[in-house]
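Quick notes on the structure that follows.
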Amino acid sequence: MSITLLIHEGSTAPYAPVTRMGGLPLAPAGTAWPVCATCSGHLQFIAQLVLEEARGTVAVFMCANDPGLCEEWSTTAGGNRAFLFPAGGLIPLPRPNGEAVLELGAVRGVERVEMPGQDYWDAAPAWAARAGRSTGEVLGQLGGNPYWLQNDETPDCPGCEQPMAFTAQLEEGPESRTAPNFGSGSAYVFTCEPCRRAAFGWQC
Ligand SMILES: [Zn+2]
Ligand SMILES: [Zn+2]
């Protein structure tokens with residue numbers, strides 16, 4: 001068993017077709033920019049995860065219009081949205097009405113690093129010690145098991161009503177100034193590949 005850590009690897013282009021945090025979303029043609037179920041404002045694009053073996057590309061969005069007031073931590077309340085798009089054929093998602101959208105202050109490219117062990121919360125500091133870098137440069141993990149800060153909140157798929165598969169854990173990253181707002185906690189991404197659905201939430 002090993003843990004696949006996502007390590008901050010410097011900056012990348014806003015529309016790079018790679019796993020990254022920040023920048024701007026790629027999506028199938030005709031996709032509308034998602035809005036918040038509570039405030040109806042446009043969501044902020046947070047992360048893109050390119051799944052291996054062409055299983056798809058996950059795009060994560062979250063409301064940053066009224067921090068804390070739109071239940072943006074919830075996997076079901078609609079204050080965030082996650083999509084499981086196809087692996088290919090994605091284009092830059094047009095800005096809504098051509099208007100500006102809130103972007104994170106950095107576009108973080110990601111290096112995948114395999115660490116032996118079974119526990120993400122052990123693997124992150126072990127990597128930092130080995131690499132002589134900060135644990136803040138661990139941007140999360142891909143696959144494996146979620147490290148819950150609170151109770152297990154694995155959502156059921158709205159399509160098939162089965163528990164969704166844990167796909168990634170995300171962290172705020174090395175700098176609060178440019179970070180997504182997970183309340184200083186961790187975020188969790190889920191997918192149901194048969195139903196082509198994704199969900200997102202965070203805990204602190
Ligand atoms: Zn909102
Ligand atoms: Zn499903």
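Residues are referred to by chain and number: the chain letter is A, B, ... according to the order shown in the structure tokens, the number counts from 1 in that chain, and ligands are numbered separately from 1 in the order shown.
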
**Request:** Residues within 7 Å of ligand 1, counting only C-alpha atoms and all ligand atoms: report them as a PyMOL selection string.
**Result:** chain A and resi 36-41+63-66+69-70+79

Dump C-alpha atoms for the selected residues as a compact mmCIF listing (two decimals), in the first residue's frame?
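Output saved as selection.txt:
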# COMPACT_ATOMS: atom_id res chain seq x y z
CA CYS A 36 -24.28 28.93 -5.88
CA ALA A 37 -27.61 27.48 -4.74
CA THR A 38 -27.76 29.97 -1.86
CA CYS A 39 -26.58 33.34 -3.20
CA SER A 40 -26.98 32.60 -6.94
CA GLY A 41 -23.52 34.08 -7.54
CA CYS A 63 -18.77 29.80 -3.49
CA ALA A 64 -16.44 32.60 -2.37
CA ASN A 65 -19.00 35.40 -2.63
CA ASP A 66 -20.03 35.43 1.02
CA LEU A 69 -22.79 32.01 4.56
CA CYS A 70 -23.46 29.63 1.68
CA GLY A 79 -22.59 26.08 -2.06

Might you pull out every residue within 7 Å of region 154-166 of chain A, with only C-alpha atoms counted and same-chain residues fewer than 5 positions away left off, and present them as a PDB file with all heavy atoms, in the first residue's frame?
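To be explicit, this is the file written out as result23.pdb:
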ATOM      1  N   THR A  75     -21.342  18.781   1.152  1.00  0.00           N
ATOM      2  CA  THR A  75     -21.320  18.026  -0.109  1.00  0.00           C
ATOM      3  C   THR A  75     -22.667  18.071  -0.815  1.00  0.00           C
ATOM      4  O   THR A  75     -22.767  17.615  -1.953  1.00  0.00           O
ATOM      5  CB  THR A  75     -20.962  16.548   0.144  1.00  0.00           C
ATOM      6  OG1 THR A  75     -21.860  16.014   1.117  1.00  0.00           O
ATOM      7  CG2 THR A  75     -19.536  16.396   0.623  1.00  0.00           C
ATOM      8  N   GLY A 143      -6.693   9.459  -4.509  1.00  0.00           N
ATOM      9  CA  GLY A 143      -7.099   8.103  -4.154  1.00  0.00           C
ATOM     10  C   GLY A 143      -6.768   7.799  -2.699  1.00  0.00           C
ATOM     11  O   GLY A 143      -6.610   8.716  -1.891  1.00  0.00           O
ATOM     12  N   ASN A 145      -7.448   6.595   1.127  1.00  0.00           N
ATOM     13  CA  ASN A 145      -8.552   6.740   2.072  1.00  0.00           C
ATOM     14  C   ASN A 145      -8.581   8.162   2.597  1.00  0.00           C
ATOM     15  O   ASN A 145      -7.539   8.745   2.861  1.00  0.00           O
ATOM     16  CB  ASN A 145      -8.384   5.777   3.254  1.00  0.00           C
ATOM     17  CG  ASN A 145      -8.421   4.335   2.807  1.00  0.00           C
ATOM     18  OD1 ASN A 145      -9.358   3.893   2.155  1.00  0.00           O
ATOM     19  ND2 ASN A 145      -7.367   3.587   3.119  1.00  0.00           N
ATOM     20  N   PRO A 146      -9.777   8.725   2.777  1.00  0.00           N
ATOM     21  CA  PRO A 146      -9.839  10.080   3.327  1.00  0.00           C
ATOM     22  C   PRO A 146      -9.327  10.114   4.764  1.00  0.00           C
ATOM     23  O   PRO A 146      -9.547   9.174   5.527  1.00  0.00           O
ATOM     24  CB  PRO A 146     -11.339  10.418   3.276  1.00  0.00           C
ATOM     25  CG  PRO A 146     -12.048   9.103   3.221  1.00  0.00           C
ATOM     26  CD  PRO A 146     -11.113   8.142   2.555  1.00  0.00           C
ATOM     27  N   VAL A 189     -12.929  15.157  -2.216  1.00  0.00           N
ATOM     28  CA  VAL A 189     -13.555  15.044  -3.530  1.00  0.00           C
ATOM     29  C   VAL A 189     -14.000  13.597  -3.729  1.00  0.00           C
ATOM     30  O   VAL A 189     -13.233  12.658  -3.454  1.00  0.00           O
ATOM     31  CB  VAL A 189     -12.565  15.441  -4.644  1.00  0.00           C
ATOM     32  CG1 VAL A 189     -13.220  15.305  -6.015  1.00  0.00           C
ATOM     33  CG2 VAL A 189     -12.047  16.857  -4.434  1.00  0.00           C
ATOM     34  N   PHE A 190     -15.219  13.428  -4.207  1.00  0.00           N
ATOM     35  CA  PHE A 190     -15.795  12.100  -4.433  1.00  0.00           C
ATOM     36  C   PHE A 190     -16.294  12.022  -5.867  1.00  0.00           C
ATOM     37  O   PHE A 190     -16.712  13.026  -6.444  1.00  0.00           O
ATOM     38  CB  PHE A 190     -16.982  11.859  -3.488  1.00  0.00           C
ATOM     39  CG  PHE A 190     -16.593  11.930  -2.045  1.00  0.00           C
ATOM     40  CD1 PHE A 190     -16.570  13.151  -1.382  1.00  0.00           C
ATOM     41  CD2 PHE A 190     -16.211  10.791  -1.366  1.00  0.00           C
ATOM     42  CE1 PHE A 190     -16.179  13.232  -0.062  1.00  0.00           C
ATOM     43  CE2 PHE A 190     -15.823  10.865  -0.045  1.00  0.00           C
ATOM     44  CZ  PHE A 190     -15.811  12.088   0.607  1.00  0.00           C
ATOM     45  N   THR A 191     -16.301  10.806  -6.405  1.00  0.00           N
ATOM     46  CA  THR A 191     -16.872  10.598  -7.734  1.00  0.00           C
ATOM     47  C   THR A 191     -17.704   9.319  -7.743  1.00  0.00           C
ATOM     48  O   THR A 191     -17.490   8.405  -6.935  1.00  0.00           O
ATOM     49  CB  THR A 191     -15.777  10.462  -8.819  1.00  0.00           C
ATOM     50  OG1 THR A 191     -14.864   9.430  -8.428  1.00  0.00           O
ATOM     51  CG2 THR A 191     -15.027  11.762  -9.039  1.00  0.00           C
ATOM     52  N   CYS A 192     -18.653   9.273  -8.660  1.00  0.00           N
ATOM     53  CA  CYS A 192     -19.314   8.023  -9.045  1.00  0.00           C
ATOM     54  C   CYS A 192     -19.084   7.899 -10.547  1.00  0.00           C
ATOM     55  O   CYS A 192     -19.733   8.606 -11.327  1.00  0.00           O
ATOM     56  CB  CYS A 192     -20.798   8.041  -8.705  1.00  0.00           C
ATOM     57  SG  CYS A 192     -21.602   6.492  -9.199  1.00  0.00           S
ATOM     58  N   CYS A 195     -22.076   6.895 -12.916  1.00  0.00           N
ATOM     59  CA  CYS A 195     -23.086   7.950 -13.101  1.00  0.00           C
ATOM     60  C   CYS A 195     -22.462   9.252 -13.601  1.00  0.00           C
ATOM     61  O   CYS A 195     -23.199  10.217 -13.844  1.00  0.00           O
ATOM     62  CB  CYS A 195     -23.819   8.223 -11.792  1.00  0.00           C
ATOM     63  SG  CYS A 195     -24.742   6.802 -11.155  1.00  0.00           S
TER      64      CYS A 195
END

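The two atoms in question, CA of Trp202 (chain A) and CA of Ala29 (chain A), are spaced 28.7 Å apart.
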
**Prompt:** Between A:Pro194, A:Gly201, A:Pro25, A:Pro116, which has the minimum distance to ligand 2 (counting only C-alpha atoms and all ligand atoms)?
**Reply:** A:Pro194

**Message:** I want to know what sits within 9 Å of Gly136 (chain A), based on only C-alpha atoms, with residues of the same chain fewer than 2 positions away left out; could you give that as a PyMOL selection string?
**Reply:** chain A and resi 8+128+133-134+138-139+171-175

What does the file look like for those residues with N, CA, C and O atoms, as a PDB file, in the first residue's frame?
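In the end it all went to again.pdb:
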ATOM      1  N   HIS A   8       2.958  20.510  -4.262  1.00  0.00           N
ATOM      2  CA  HIS A   8       3.097  21.789  -4.968  1.00  0.00           C
ATOM      3  C   HIS A   8       4.367  21.776  -5.820  1.00  0.00           C
ATOM      4  O   HIS A   8       5.450  21.484  -5.321  1.00  0.00           O
ATOM      5  N   ALA A 128       7.699  15.509   3.875  1.00  0.00           N
ATOM      6  CA  ALA A 128       8.310  16.810   4.164  1.00  0.00           C
ATOM      7  C   ALA A 128       9.691  16.633   4.791  1.00  0.00           C
ATOM      8  O   ALA A 128      10.653  17.327   4.430  1.00  0.00           O
ATOM      9  N   ARG A 133      11.260  19.927   2.928  1.00  0.00           N
ATOM     10  CA  ARG A 133      10.315  20.978   2.566  1.00  0.00           C
ATOM     11  C   ARG A 133       9.195  21.027   3.600  1.00  0.00           C
ATOM     12  O   ARG A 133       9.122  20.209   4.497  1.00  0.00           O
ATOM     13  N   SER A 134       8.320  22.022   3.449  1.00  0.00           N
ATOM     14  CA  SER A 134       7.250  22.236   4.423  1.00  0.00           C
ATOM     15  C   SER A 134       6.064  21.322   4.125  1.00  0.00           C
ATOM     16  O   SER A 134       5.740  21.069   2.959  1.00  0.00           O
ATOM     17  N   VAL A 138       2.324  20.102   0.710  1.00  0.00           N
ATOM     18  CA  VAL A 138       1.476  18.954   0.388  1.00  0.00           C
ATOM     19  C   VAL A 138       0.081  19.509   0.091  1.00  0.00           C
ATOM     20  O   VAL A 138      -0.576  20.062   0.964  1.00  0.00           O
ATOM     21  N   LEU A 139      -0.342  19.361  -1.157  1.00  0.00           N
ATOM     22  CA  LEU A 139      -1.641  19.914  -1.573  1.00  0.00           C
ATOM     23  C   LEU A 139      -2.752  18.894  -1.439  1.00  0.00           C
ATOM     24  O   LEU A 139      -3.911  19.199  -1.716  1.00  0.00           O
ATOM     25  N   GLU A 171      -5.734  20.249   0.283  1.00  0.00           N
ATOM     26  CA  GLU A 171      -5.358  21.160   1.371  1.00  0.00           C
ATOM     27  C   GLU A 171      -5.279  22.588   0.822  1.00  0.00           C
ATOM     28  O   GLU A 171      -5.206  22.795  -0.385  1.00  0.00           O
ATOM     29  N   GLU A 172      -5.240  23.540   1.751  1.00  0.00           N
ATOM     30  CA  GLU A 172      -5.217  24.946   1.339  1.00  0.00           C
ATOM     31  C   GLU A 172      -3.892  25.336   0.685  1.00  0.00           C
ATOM     32  O   GLU A 172      -3.847  26.310  -0.063  1.00  0.00           O
ATOM     33  N   GLY A 173      -2.817  24.622   1.003  1.00  0.00           N
ATOM     34  CA  GLY A 173      -1.541  24.910   0.367  1.00  0.00           C
ATOM     35  C   GLY A 173      -0.645  25.804   1.202  1.00  0.00           C
ATOM     36  O   GLY A 173      -0.963  26.142   2.339  1.00  0.00           O
ATOM     37  N   PRO A 174       0.487  26.205   0.620  1.00  0.00           N
ATOM     38  CA  PRO A 174       1.553  26.829   1.404  1.00  0.00           C
ATOM     39  C   PRO A 174       1.298  28.257   1.863  1.00  0.00           C
ATOM     40  O   PRO A 174       2.006  28.758   2.720  1.00  0.00           O
ATOM     41  N   GLU A 175       0.307  28.945   1.303  1.00  0.00           N
ATOM     42  CA  GLU A 175       0.160  30.380   1.559  1.00  0.00           C
ATOM     43  C   GLU A 175      -1.296  30.705   1.743  1.00  0.00           C
ATOM     44  O   GLU A 175      -2.099  30.534   0.809  1.00  0.00           O
TER      45      GLU A 175
END

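If only C-alpha atoms and all ligand atoms are the atoms counted, then among A:Gly98, A:Ala13, A:Leu84, A:Leu149 the closest residue to ligand 2 is A:Leu84.
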
**Request:** For Ile7 (chain A), list every protein, DNA or RNA residue within 12 Å, evaluated using only C-alpha atoms, and leave out those in the same chain fewer than 2 positions away; present the list as a ChimeraX atom specification.
**Result:** /A:4-5,9-11,19-21,108-115,123-125,127-128,131,133-142,170-174

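Here CA of Leu26 (chain A) and CA of Asn181 (chain A) stand 21.4 Å from one another.
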
**Message:** Among region 5-157 of chain A, which residues does DSSP mark as strand (DSSP E) when it is run on the backbone? Keep the chain and numbering as in the structure and answer as JSON, numbers by chain.
**Reply:** {"A": [5, 6, 7, 8, 9, 10, 11, 20, 21, 26, 27, 44, 45, 46, 47, 48, 49, 50, 51, 56, 57, 58, 59, 60, 61, 62, 80, 81, 82, 83, 84, 85, 91, 92, 108, 109, 110, 111, 112, 113, 114, 115, 116, 138, 139, 140, 141, 142]}

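When CA of Leu24 (chain A) is paired with CA of Val50 (chain A), their separation reads 14.1 Å.
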
**Item:** Residue contacts of Trp73 (chain A) (12 Å, only C-alpha atoms) excluding same-chain residues fewer than 5 positions away, as a PyMOL selection string
**Value:** chain A and resi 61-64+67-68+78-81+153+180-189+199-204

**Request:** Quick one: pick out all alpha helix (DSSP H) residues within region 64-126 of chain A from a backbone DSSP run and write them as a list in words.
**Result:** Tyr120, Trp121, Asp122, Ala123, Ala124, Pro125 and Ala126 of chain A

C-alpha atoms of the current selection, written as a short mmCIF file (atom, residue, chain, number, x, y, z; two decimals), in the first residue's frame:
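Heads up, here's the output in part29.cif:
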data_model
loop_
_atom_site.label_atom_id
_atom_site.label_comp_id
_atom_site.auth_asym_id
_atom_site.auth_seq_id
_atom_site.Cartn_x
_atom_site.Cartn_y
_atom_site.Cartn_z
CA TYR A 120 -2.09 10.06 4.58
CA TRP A 121 -1.60 11.95 7.83
CA ASP A 122 1.69 10.09 8.37
CA ALA A 123 2.80 10.23 4.74
CA ALA A 124 2.61 14.03 4.48
CA PRO A 125 5.11 14.82 7.28
CA ALA A 126 7.27 11.85 6.23
#

**Item:** Surrounding residues of Arg95 (chain A) excluding itself and chain neighbours under 3 positions, 10 Å, only C-alpha atoms, as a PyMOL selection string
**Value:** chain A and resi 24-25+32-33+42+92+98-101

**Message:** With only C-alpha atoms as the counted atoms, please give the residues lying no more than 12 Å from Gly89 (chain A), apart from itself and same-chain residues fewer than 5 positions off, as a list in words.
**Reply:** Pro17, Leu26, Ala27, Pro28, Ala29, Gly30, Ala54, Gly56 and Thr57 of chain A
